[in-house]
file model_18.txt (compact mmCIF, C-alpha atoms and all ligand atoms)
# COMPACT_ATOMS: atom_id res chain seq x y z
CA MET G 1 -8.24 -91.93 168.01
CA ASN G 2 -8.20 -89.99 171.28
CA ALA G 3 -9.01 -91.42 174.72
CA VAL G 4 -12.56 -90.04 174.77
CA ASP G 5 -13.28 -91.84 171.52
CA ASP G 6 -11.54 -94.93 172.84
CA LYS G 7 -13.77 -94.88 175.89
CA THR G 8 -16.96 -94.51 173.89
CA VAL G 9 -15.90 -97.38 171.67
CA VAL G 10 -15.06 -99.52 174.70
CA ARG G 11 -18.37 -98.77 176.44
CA GLU G 12 -20.37 -99.50 173.30
CA TYR G 13 -18.40 -102.68 172.62
CA PHE G 14 -18.92 -104.05 176.15
CA ASN G 15 -22.62 -103.20 175.94
CA ALA G 16 -23.02 -105.12 172.66
CA THR G 17 -20.91 -107.80 170.94
CA GLY G 18 -18.19 -107.52 173.58
CA PHE G 19 -20.73 -108.26 176.27
CA ASP G 20 -21.82 -111.50 174.59
CA ARG G 21 -18.25 -112.54 173.92
CA TRP G 22 -16.83 -111.78 177.39
CA ARG G 23 -19.87 -112.97 179.33
CA ARG G 24 -19.27 -116.36 177.70
CA ILE G 25 -15.48 -116.30 178.16
CA TYR G 26 -15.92 -115.36 181.84
CA GLY G 27 -18.58 -118.04 182.28
CA THR G 28 -19.02 -121.79 182.12
CA GLU G 29 -20.77 -122.24 178.75
CA GLU G 30 -19.08 -124.05 175.91
CA VAL G 31 -16.70 -121.77 174.01
CA ASN G 32 -14.16 -122.18 171.21
CA LYS G 33 -10.55 -123.20 171.87
CA VAL G 34 -9.11 -119.69 171.85
CA GLN G 35 -11.80 -118.45 174.21
CA LEU G 36 -11.27 -121.44 176.49
CA ASP G 37 -7.55 -120.65 176.64
CA ILE G 38 -8.32 -117.02 177.54
CA ARG G 39 -10.85 -118.19 180.16
CA LYS G 40 -8.21 -120.40 181.79
CA GLY G 41 -5.54 -117.70 181.70
CA HIS G 42 -7.85 -115.08 183.17
CA GLN G 43 -8.93 -117.50 185.89
CA GLN G 44 -5.26 -117.93 186.84
CA THR G 45 -4.95 -114.17 187.31
CA VAL G 46 -8.11 -114.07 189.45
CA ASP G 47 -6.94 -117.08 191.49
CA ARG G 48 -3.55 -115.49 192.12
CA VAL G 49 -5.13 -112.30 193.47
CA LEU G 50 -7.45 -114.34 195.69
CA ALA G 51 -4.51 -116.41 196.95
CA TRP G 52 -2.51 -113.25 197.83
CA LEU G 53 -5.42 -111.68 199.68
CA GLN G 54 -6.36 -114.88 201.47
CA ALA G 55 -2.74 -115.42 202.55
CA ASP G 56 -2.83 -112.01 204.28
CA GLY G 57 -5.59 -113.34 206.53
CA ASN G 58 -7.54 -110.05 206.81
CA LEU G 59 -10.11 -110.32 204.01
CA GLN G 60 -13.08 -110.28 206.38
CA GLY G 61 -14.51 -106.77 206.21
CA LEU G 62 -11.65 -105.40 204.07
CA SER G 63 -12.88 -102.63 201.74
CA ILE G 64 -12.05 -103.35 198.13
CA CYS G 65 -12.73 -101.37 194.98
CA ASP G 66 -12.82 -103.60 191.89
CA ALA G 67 -12.52 -101.01 189.11
CA GLY G 68 -13.70 -102.33 185.73
CA CYS G 69 -15.15 -105.41 187.44
CA GLY G 70 -16.64 -106.95 184.28
CA VAL G 71 -19.09 -109.72 185.16
CA GLY G 72 -17.75 -109.95 188.71
CA SER G 73 -15.18 -112.74 188.25
CA LEU G 74 -13.12 -111.31 191.11
CA SER G 75 -15.71 -109.26 193.02
CA ILE G 76 -17.91 -112.28 193.67
CA PRO G 77 -15.30 -114.60 195.23
CA LEU G 78 -13.97 -111.64 197.25
CA GLY G 79 -17.51 -111.04 198.54
CA GLN G 80 -17.81 -114.74 199.34
CA ALA G 81 -14.61 -114.46 201.37
CA GLY G 82 -16.20 -111.69 203.46
CA ALA G 83 -14.67 -108.56 201.90
CA MET G 84 -16.73 -105.38 201.46
CA VAL G 85 -16.57 -105.09 197.70
CA TYR G 86 -17.45 -102.13 195.53
CA GLY G 87 -17.48 -103.33 191.91
CA SER G 88 -17.98 -100.94 189.02
CA ASP G 89 -17.70 -101.03 185.27
CA ILE G 90 -18.17 -98.60 182.40
CA SER G 91 -20.52 -101.11 180.74
CA GLU G 92 -24.04 -101.26 182.17
CA LYS G 93 -24.48 -104.73 180.67
CA MET G 94 -21.34 -106.19 182.23
CA VAL G 95 -22.16 -104.81 185.65
CA ALA G 96 -25.80 -105.95 185.42
CA GLU G 97 -24.54 -109.46 184.66
CA ALA G 98 -22.19 -109.22 187.68
CA TYR G 99 -25.13 -108.20 189.86
CA GLN G 100 -27.27 -111.11 188.60
CA ARG G 101 -24.44 -113.60 189.19
CA ALA G 102 -23.92 -112.32 192.73
CA LYS G 103 -27.66 -112.35 193.42
CA ALA G 104 -27.94 -115.96 192.24
CA LEU G 105 -25.25 -116.92 194.75
CA PHE G 106 -25.98 -114.75 197.77
CA GLY G 107 -29.58 -113.61 197.34
CA PRO G 108 -30.45 -109.90 197.31
CA SER G 109 -28.53 -109.06 200.48
CA ASN G 110 -24.80 -109.33 200.07
CA THR G 111 -21.68 -107.36 200.80
CA ILE G 112 -20.98 -106.47 197.16
CA SER G 113 -22.35 -103.30 195.67
CA PHE G 114 -22.23 -102.91 191.92
CA ALA G 115 -22.47 -99.71 189.87
CA ALA G 116 -22.18 -98.74 186.23
CA GLN G 117 -19.41 -96.17 186.47
CA ASP G 118 -16.43 -95.01 184.50
CA LEU G 119 -13.40 -95.62 186.73
CA GLU G 120 -12.31 -91.99 186.32
CA SER G 121 -15.49 -90.93 188.13
CA LEU G 122 -14.91 -93.21 191.14
CA SER G 123 -14.41 -91.48 194.46
CA GLY G 124 -14.03 -92.53 198.08
CA ARG G 125 -11.33 -94.43 199.86
CA TYR G 126 -10.76 -98.19 199.90
CA HIS G 127 -8.16 -100.30 201.64
CA THR G 128 -7.35 -102.00 198.33
CA VAL G 129 -8.06 -100.93 194.76
CA ILE G 130 -7.92 -103.66 192.13
CA CYS G 131 -8.05 -103.20 188.38
CA LEU G 132 -7.59 -106.37 186.33
CA ASP G 133 -7.13 -106.44 182.56
CA VAL G 134 -8.57 -102.95 182.02
CA LEU G 135 -5.34 -101.14 181.03
CA ILE G 136 -5.55 -102.94 177.69
CA HIS G 137 -8.15 -100.28 176.83
CA TYR G 138 -5.84 -97.37 177.71
CA PRO G 139 -3.17 -95.91 175.45
CA GLN G 140 0.18 -95.32 177.13
CA ASP G 141 -0.34 -91.55 177.44
CA LYS G 142 -3.60 -92.07 179.36
CA ALA G 143 -2.31 -94.84 181.65
CA GLY G 144 -0.54 -92.40 184.01
CA GLU G 145 -3.67 -90.42 184.75
CA MET G 146 -5.77 -93.55 185.14
CA ILE G 147 -3.35 -95.27 187.54
CA GLY G 148 -2.85 -92.00 189.43
CA HIS G 149 -6.58 -91.81 190.01
CA LEU G 150 -6.75 -95.42 191.23
CA CYS G 151 -3.83 -94.69 193.61
CA SER G 152 -5.72 -91.69 195.03
CA LEU G 153 -8.58 -94.03 196.01
CA ALA G 154 -6.30 -96.57 197.71
CA GLN G 155 -5.45 -96.30 201.38
CA ASP G 156 -2.93 -99.15 201.38
CA ARG G 157 -2.69 -101.09 198.17
CA VAL G 158 -3.27 -101.15 194.41
CA ILE G 159 -3.36 -104.37 192.40
CA LEU G 160 -3.14 -104.03 188.62
CA SER G 161 -2.84 -106.38 185.70
CA PHE G 162 -1.98 -105.48 182.13
CA ALA G 163 -0.74 -106.99 178.88
CA PRO G 164 3.04 -106.50 179.01
CA LYS G 165 4.75 -104.91 176.05
CA THR G 166 7.52 -107.27 175.05
CA VAL G 167 9.18 -107.84 171.69
CA ALA G 168 7.54 -111.24 171.27
CA LEU G 169 4.08 -109.95 172.12
CA SER G 170 4.39 -106.90 169.90
CA ALA G 171 5.22 -109.21 167.00
CA LEU G 172 2.20 -111.36 167.80
CA LYS G 173 -0.04 -108.30 167.90
CA LYS G 174 1.30 -107.10 164.54
CA VAL G 175 0.50 -110.48 163.00
CA GLY G 176 -2.99 -110.26 164.49
CA GLU G 177 -3.46 -106.80 162.99
CA LEU G 178 -2.71 -108.14 159.52
CA PHE G 179 -5.82 -110.27 159.80
CA PRO G 180 -8.52 -107.99 161.17
CA GLY G 181 -11.44 -110.27 160.26
CA PRO G 182 -14.79 -110.29 162.01
CA SER G 183 -13.32 -110.99 165.44
CA LYS G 184 -11.42 -107.69 165.51
CA THR G 185 -12.75 -105.87 168.51
CA THR G 186 -11.49 -102.75 170.24
CA ARG G 187 -7.91 -101.52 170.12
CA ALA G 188 -5.63 -103.36 172.50
CA TYR G 189 -2.83 -101.48 174.22
CA GLN G 190 0.16 -103.19 175.79
CA HIS G 191 2.25 -101.46 178.45
CA ARG G 192 5.90 -101.57 179.42
CA GLU G 193 6.28 -102.93 182.92
CA ALA G 194 8.93 -100.32 183.76
CA ASP G 195 6.48 -97.54 182.82
CA ILE G 196 3.74 -98.95 185.05
CA ILE G 197 6.14 -99.37 187.98
CA ALA G 198 7.40 -95.80 187.49
CA ILE G 199 3.81 -94.46 187.52
CA LEU G 200 3.06 -96.38 190.72
CA ALA G 201 6.28 -95.09 192.31
CA LYS G 202 5.41 -91.49 191.34
CA ASN G 203 2.15 -91.97 193.23
CA GLY G 204 3.90 -93.29 196.32
CA PHE G 205 3.51 -97.04 195.78
CA ALA G 206 6.18 -99.75 195.75
CA ILE G 207 5.89 -103.25 194.29
CA ALA G 208 5.33 -106.07 196.76
CA ARG G 209 4.17 -109.22 194.96
CA GLN G 210 4.11 -109.93 191.25
CA GLU G 211 3.08 -112.66 188.86
CA MET G 212 3.02 -113.36 185.13
CA THR G 213 0.28 -115.43 183.56
CA SER G 214 0.83 -116.63 180.03
CA THR G 215 -1.18 -119.16 178.15
CA ARG G 216 -1.29 -119.38 174.36
CA PHE G 217 -3.60 -116.41 173.89
CA TYR G 218 -3.67 -114.69 177.27
CA TYR G 219 -0.80 -112.65 178.71
CA SER G 220 -1.14 -110.69 181.88
CA ARG G 221 1.38 -109.16 184.23
CA LEU G 222 0.03 -108.78 187.74
CA LEU G 223 1.52 -106.30 190.21
CA GLU G 224 0.67 -105.61 193.82
CA ALA G 225 1.84 -102.18 194.97
CA ILE G 226 1.80 -101.00 198.58
CA ARG G 227 1.67 -97.39 199.75
CA ARG G 228 5.11 -96.44 201.07
N1 LIG M 301 -11.68 -106.80 185.51
C1 LIG M 301 -12.61 -107.78 184.97
C2 LIG M 301 -12.03 -109.15 185.09
O1 LIG M 301 -10.80 -109.30 185.13
O2 LIG M 301 -12.82 -110.11 185.11
C3 LIG M 301 -13.01 -107.48 183.53
C4 LIG M 301 -11.89 -107.41 182.49
S1 LIG M 301 -12.49 -107.02 180.86
C5 LIG M 301 -11.18 -107.52 179.80
C6 LIG M 301 -12.30 -105.27 180.80
C7 LIG M 301 -13.44 -104.53 181.49
O3 LIG M 301 -13.04 -103.18 181.69
C8 LIG M 301 -14.75 -104.50 180.70
O4 LIG M 301 -15.80 -104.99 181.50
C9 LIG M 301 -14.91 -103.02 180.37
O5 LIG M 301 -16.26 -102.60 180.29
C10 LIG M 301 -14.17 -102.37 181.53
N2 LIG M 301 -13.69 -100.99 181.28
C11 LIG M 301 -12.98 -100.55 180.22
N3 LIG M 301 -12.72 -99.23 180.36
C12 LIG M 301 -13.27 -98.84 181.54
C13 LIG M 301 -13.35 -97.60 182.24
N4 LIG M 301 -12.81 -96.50 181.75
N5 LIG M 301 -14.00 -97.57 183.42
C14 LIG M 301 -14.56 -98.69 183.92
N6 LIG M 301 -14.53 -99.89 183.31
C15 LIG M 301 -13.89 -99.97 182.13
call {"tool": "encode", "arguments": {"input": "model_18.txt", "output": "structure tokens", "more": "lines below"}}
Ligand code: SAM
result
Amino acid sequence: MNAVDDKTVVREYFNATGFDRWRRIYGTEEVNKVQLDIRKGHQQTVDRVLAWLQADGNLQGLSICDAGCGVGSLSIPLGQAGAMVYGSDISEKMVAEAYQRAKALFGPSNTISFAAQDLESLSGRYHTVICLDVLIHYPQDKAGEMIGHLCSLAQDRVILSFAPKTVALSALKKVGELFPGPSKTTRAYQHREADIIAILAKNGFAIARQEMTSTRFYYSRLLEAIRR
């Protein structure tokens, strides 16, 4: 399957069954044990990013692009902290949910703007570009182009998270693939950390802070890269 097909599949998934599934996981409703574990893991990633940005002490008015923002799990708290957030997602449904969640909290006037947009079509310049748990939808050969584009939008910093490709995780994924079942969703791509760091370096960025979140079913490597 090529990347264009992958993208169509991803958009359609997150506008249909994927929307229902992930809206619940990234919400507060009752979910099954696996989903609850993923919810907790993902929240740890979001909390870590918030903690880094809050520790810097300059969030007020900082321009942030949240590429592939989902239902706004990160965009919304960043907006609450006073950042100027531009959240976008390839799925109209996900981004509409993000907008509704923000509106319920802030009312119609807030500092977050949301748009249904493929991240490759994003333009402009932001102090910080953040892209959490989206690389899972990109095969290795497309990751370079995607990260390169995000780097071109970032004045100072890029923050990325991805499922790391390790021996243990590859084995787990293989086991999962033996049992496709009804819960099989889109293809999931893991990435080697060294490859991601090399792509960032090629685009002029060096790693500053990093974190690994692992729960039973959620694995995410988080990297903050600063323009050299
Ligand atoms: N970043 C959000 C978060 O951490 O809460 C959402 C993560 S969710 C696992 C992946 C999201 O990436 C989905 O909302 C999906 O629609 C979006 N996505 C996938 N490919 C994309 C693309 N090419 N451009 C923009 N968004 C994309």
call {"tool": "residues_near_ligand", "arguments": {"input": "model_18.txt", "ligand": "ligand LIG 301 (chain M)", "cutoff": "8 Å", "atoms": "all atoms listed in the file", "output": "JSON list (two decimals) with C-alpha atoms, in the frame of the given file"}}
result
[["chain", "number", "residue", "atom", "x", "y", "z"],
["G", 7, "LYS", "CA", -13.77, -94.88, 175.89],
["G", 10, "VAL", "CA", -15.06, -99.52, 174.70],
["G", 11, "ARG", "CA", -18.37, -98.77, 176.44],
["G", 13, "TYR", "CA", -18.40, -102.68, 172.62],
["G", 14, "PHE", "CA", -18.92, -104.05, 176.15],
["G", 15, "ASN", "CA", -22.62, -103.20, 175.94],
["G", 19, "PHE", "CA", -20.73, -108.26, 176.27],
["G", 22, "TRP", "CA", -16.83, -111.78, 177.39],
["G", 26, "TYR", "CA", -15.92, -115.36, 181.84],
["G", 42, "HIS", "CA", -7.85, -115.08, 183.17],
["G", 45, "THR", "CA", -4.95, -114.17, 187.31],
["G", 46, "VAL", "CA", -8.11, -114.07, 189.45],
["G", 66, "ASP", "CA", -12.82, -103.60, 191.89],
["G", 67, "ALA", "CA", -12.52, -101.01, 189.11],
["G", 68, "GLY", "CA", -13.70, -102.33, 185.73],
["G", 69, "CYS", "CA", -15.15, -105.41, 187.44],
["G", 70, "GLY", "CA", -16.64, -106.95, 184.28],
["G", 71, "VAL", "CA", -19.09, -109.72, 185.16],
["G", 72, "GLY", "CA", -17.75, -109.95, 188.71],
["G", 73, "SER", "CA", -15.18, -112.74, 188.25],
["G", 74, "LEU", "CA", -13.12, -111.31, 191.11],
["G", 88, "SER", "CA", -17.98, -100.94, 189.02],
["G", 89, "ASP", "CA", -17.70, -101.03, 185.27],
["G", 90, "ILE", "CA", -18.17, -98.60, 182.40],
["G", 91, "SER", "CA", -20.52, -101.11, 180.74],
["G", 94, "MET", "CA", -21.34, -106.19, 182.23],
["G", 95, "VAL", "CA", -22.16, -104.81, 185.65],
["G", 116, "ALA", "CA", -22.18, -98.74, 186.23],
["G", 117, "GLN", "CA", -19.41, -96.17, 186.47],
["G", 118, "ASP", "CA", -16.43, -95.01, 184.50],
["G", 119, "LEU", "CA", -13.40, -95.62, 186.73],
["G", 120, "GLU", "CA", -12.31, -91.99, 186.32],
["G", 131, "CYS", "CA", -8.05, -103.20, 188.38],
["G", 132, "LEU", "CA", -7.59, -106.37, 186.33],
["G", 133, "ASP", "CA", -7.13, -106.44, 182.56],
["G", 134, "VAL", "CA", -8.57, -102.95, 182.02],
["G", 135, "LEU", "CA", -5.34, -101.14, 181.03],
["G", 136, "ILE", "CA", -5.55, -102.94, 177.69],
["G", 137, "HIS", "CA", -8.15, -100.28, 176.83],
["G", 138, "TYR", "CA", -5.84, -97.37, 177.71]]
call {"tool": "atom_distance", "arguments": {"input": "model_18.txt", "atom1": "CA of Ala163 in chain G", "atom2": "CA of Val85 in chain G"}}
result
24.7 Å
call {"tool": "closest_residue", "arguments": {"input": "model_18.txt", "among": "G:Val129, G:Val9, G:Ala98, G:Leu50", "to": "Arg157 in chain G", "atoms": "all atoms listed in the file"}}
result
G:Val129
call {"tool": "atom_distance", "arguments": {"input": "model_18.txt", "atom1": "CA of Glu97 in chain G", "atom2": "CA of Arg23 in chain G"}}
result
7.9 Å
call {"tool": "closest_residue", "arguments": {"input": "model_18.txt", "among": "G:Ala51, G:Ile76, G:Val31, G:Leu122", "to": "Lys103 in chain G", "atoms": "all atoms listed in the file"}}
result
G:Ile76
call {"tool": "residues_near_point", "arguments": {"input": "model_18.txt", "point": "(1.7, -109.1, 195.1)", "cutoff": "6 Å", "atoms": "only C-alpha atoms", "output": "list in words"}}
result
Ala208, Arg209, Gln210, Leu223 and Glu224 of chain G
call {"tool": "residues_around", "arguments": {"input": "model_18.txt", "residues": "Val34 in chain G", "least_positions_apart": "6", "cutoff": "12 Å", "atoms": "all atoms listed in the file", "output": "list of chain:residue names"}}
result
G:Arg21, G:Ile25, G:Lys40, G:Gly41, G:Ser183, G:Thr215, G:Arg216, G:Phe217, G:Tyr218
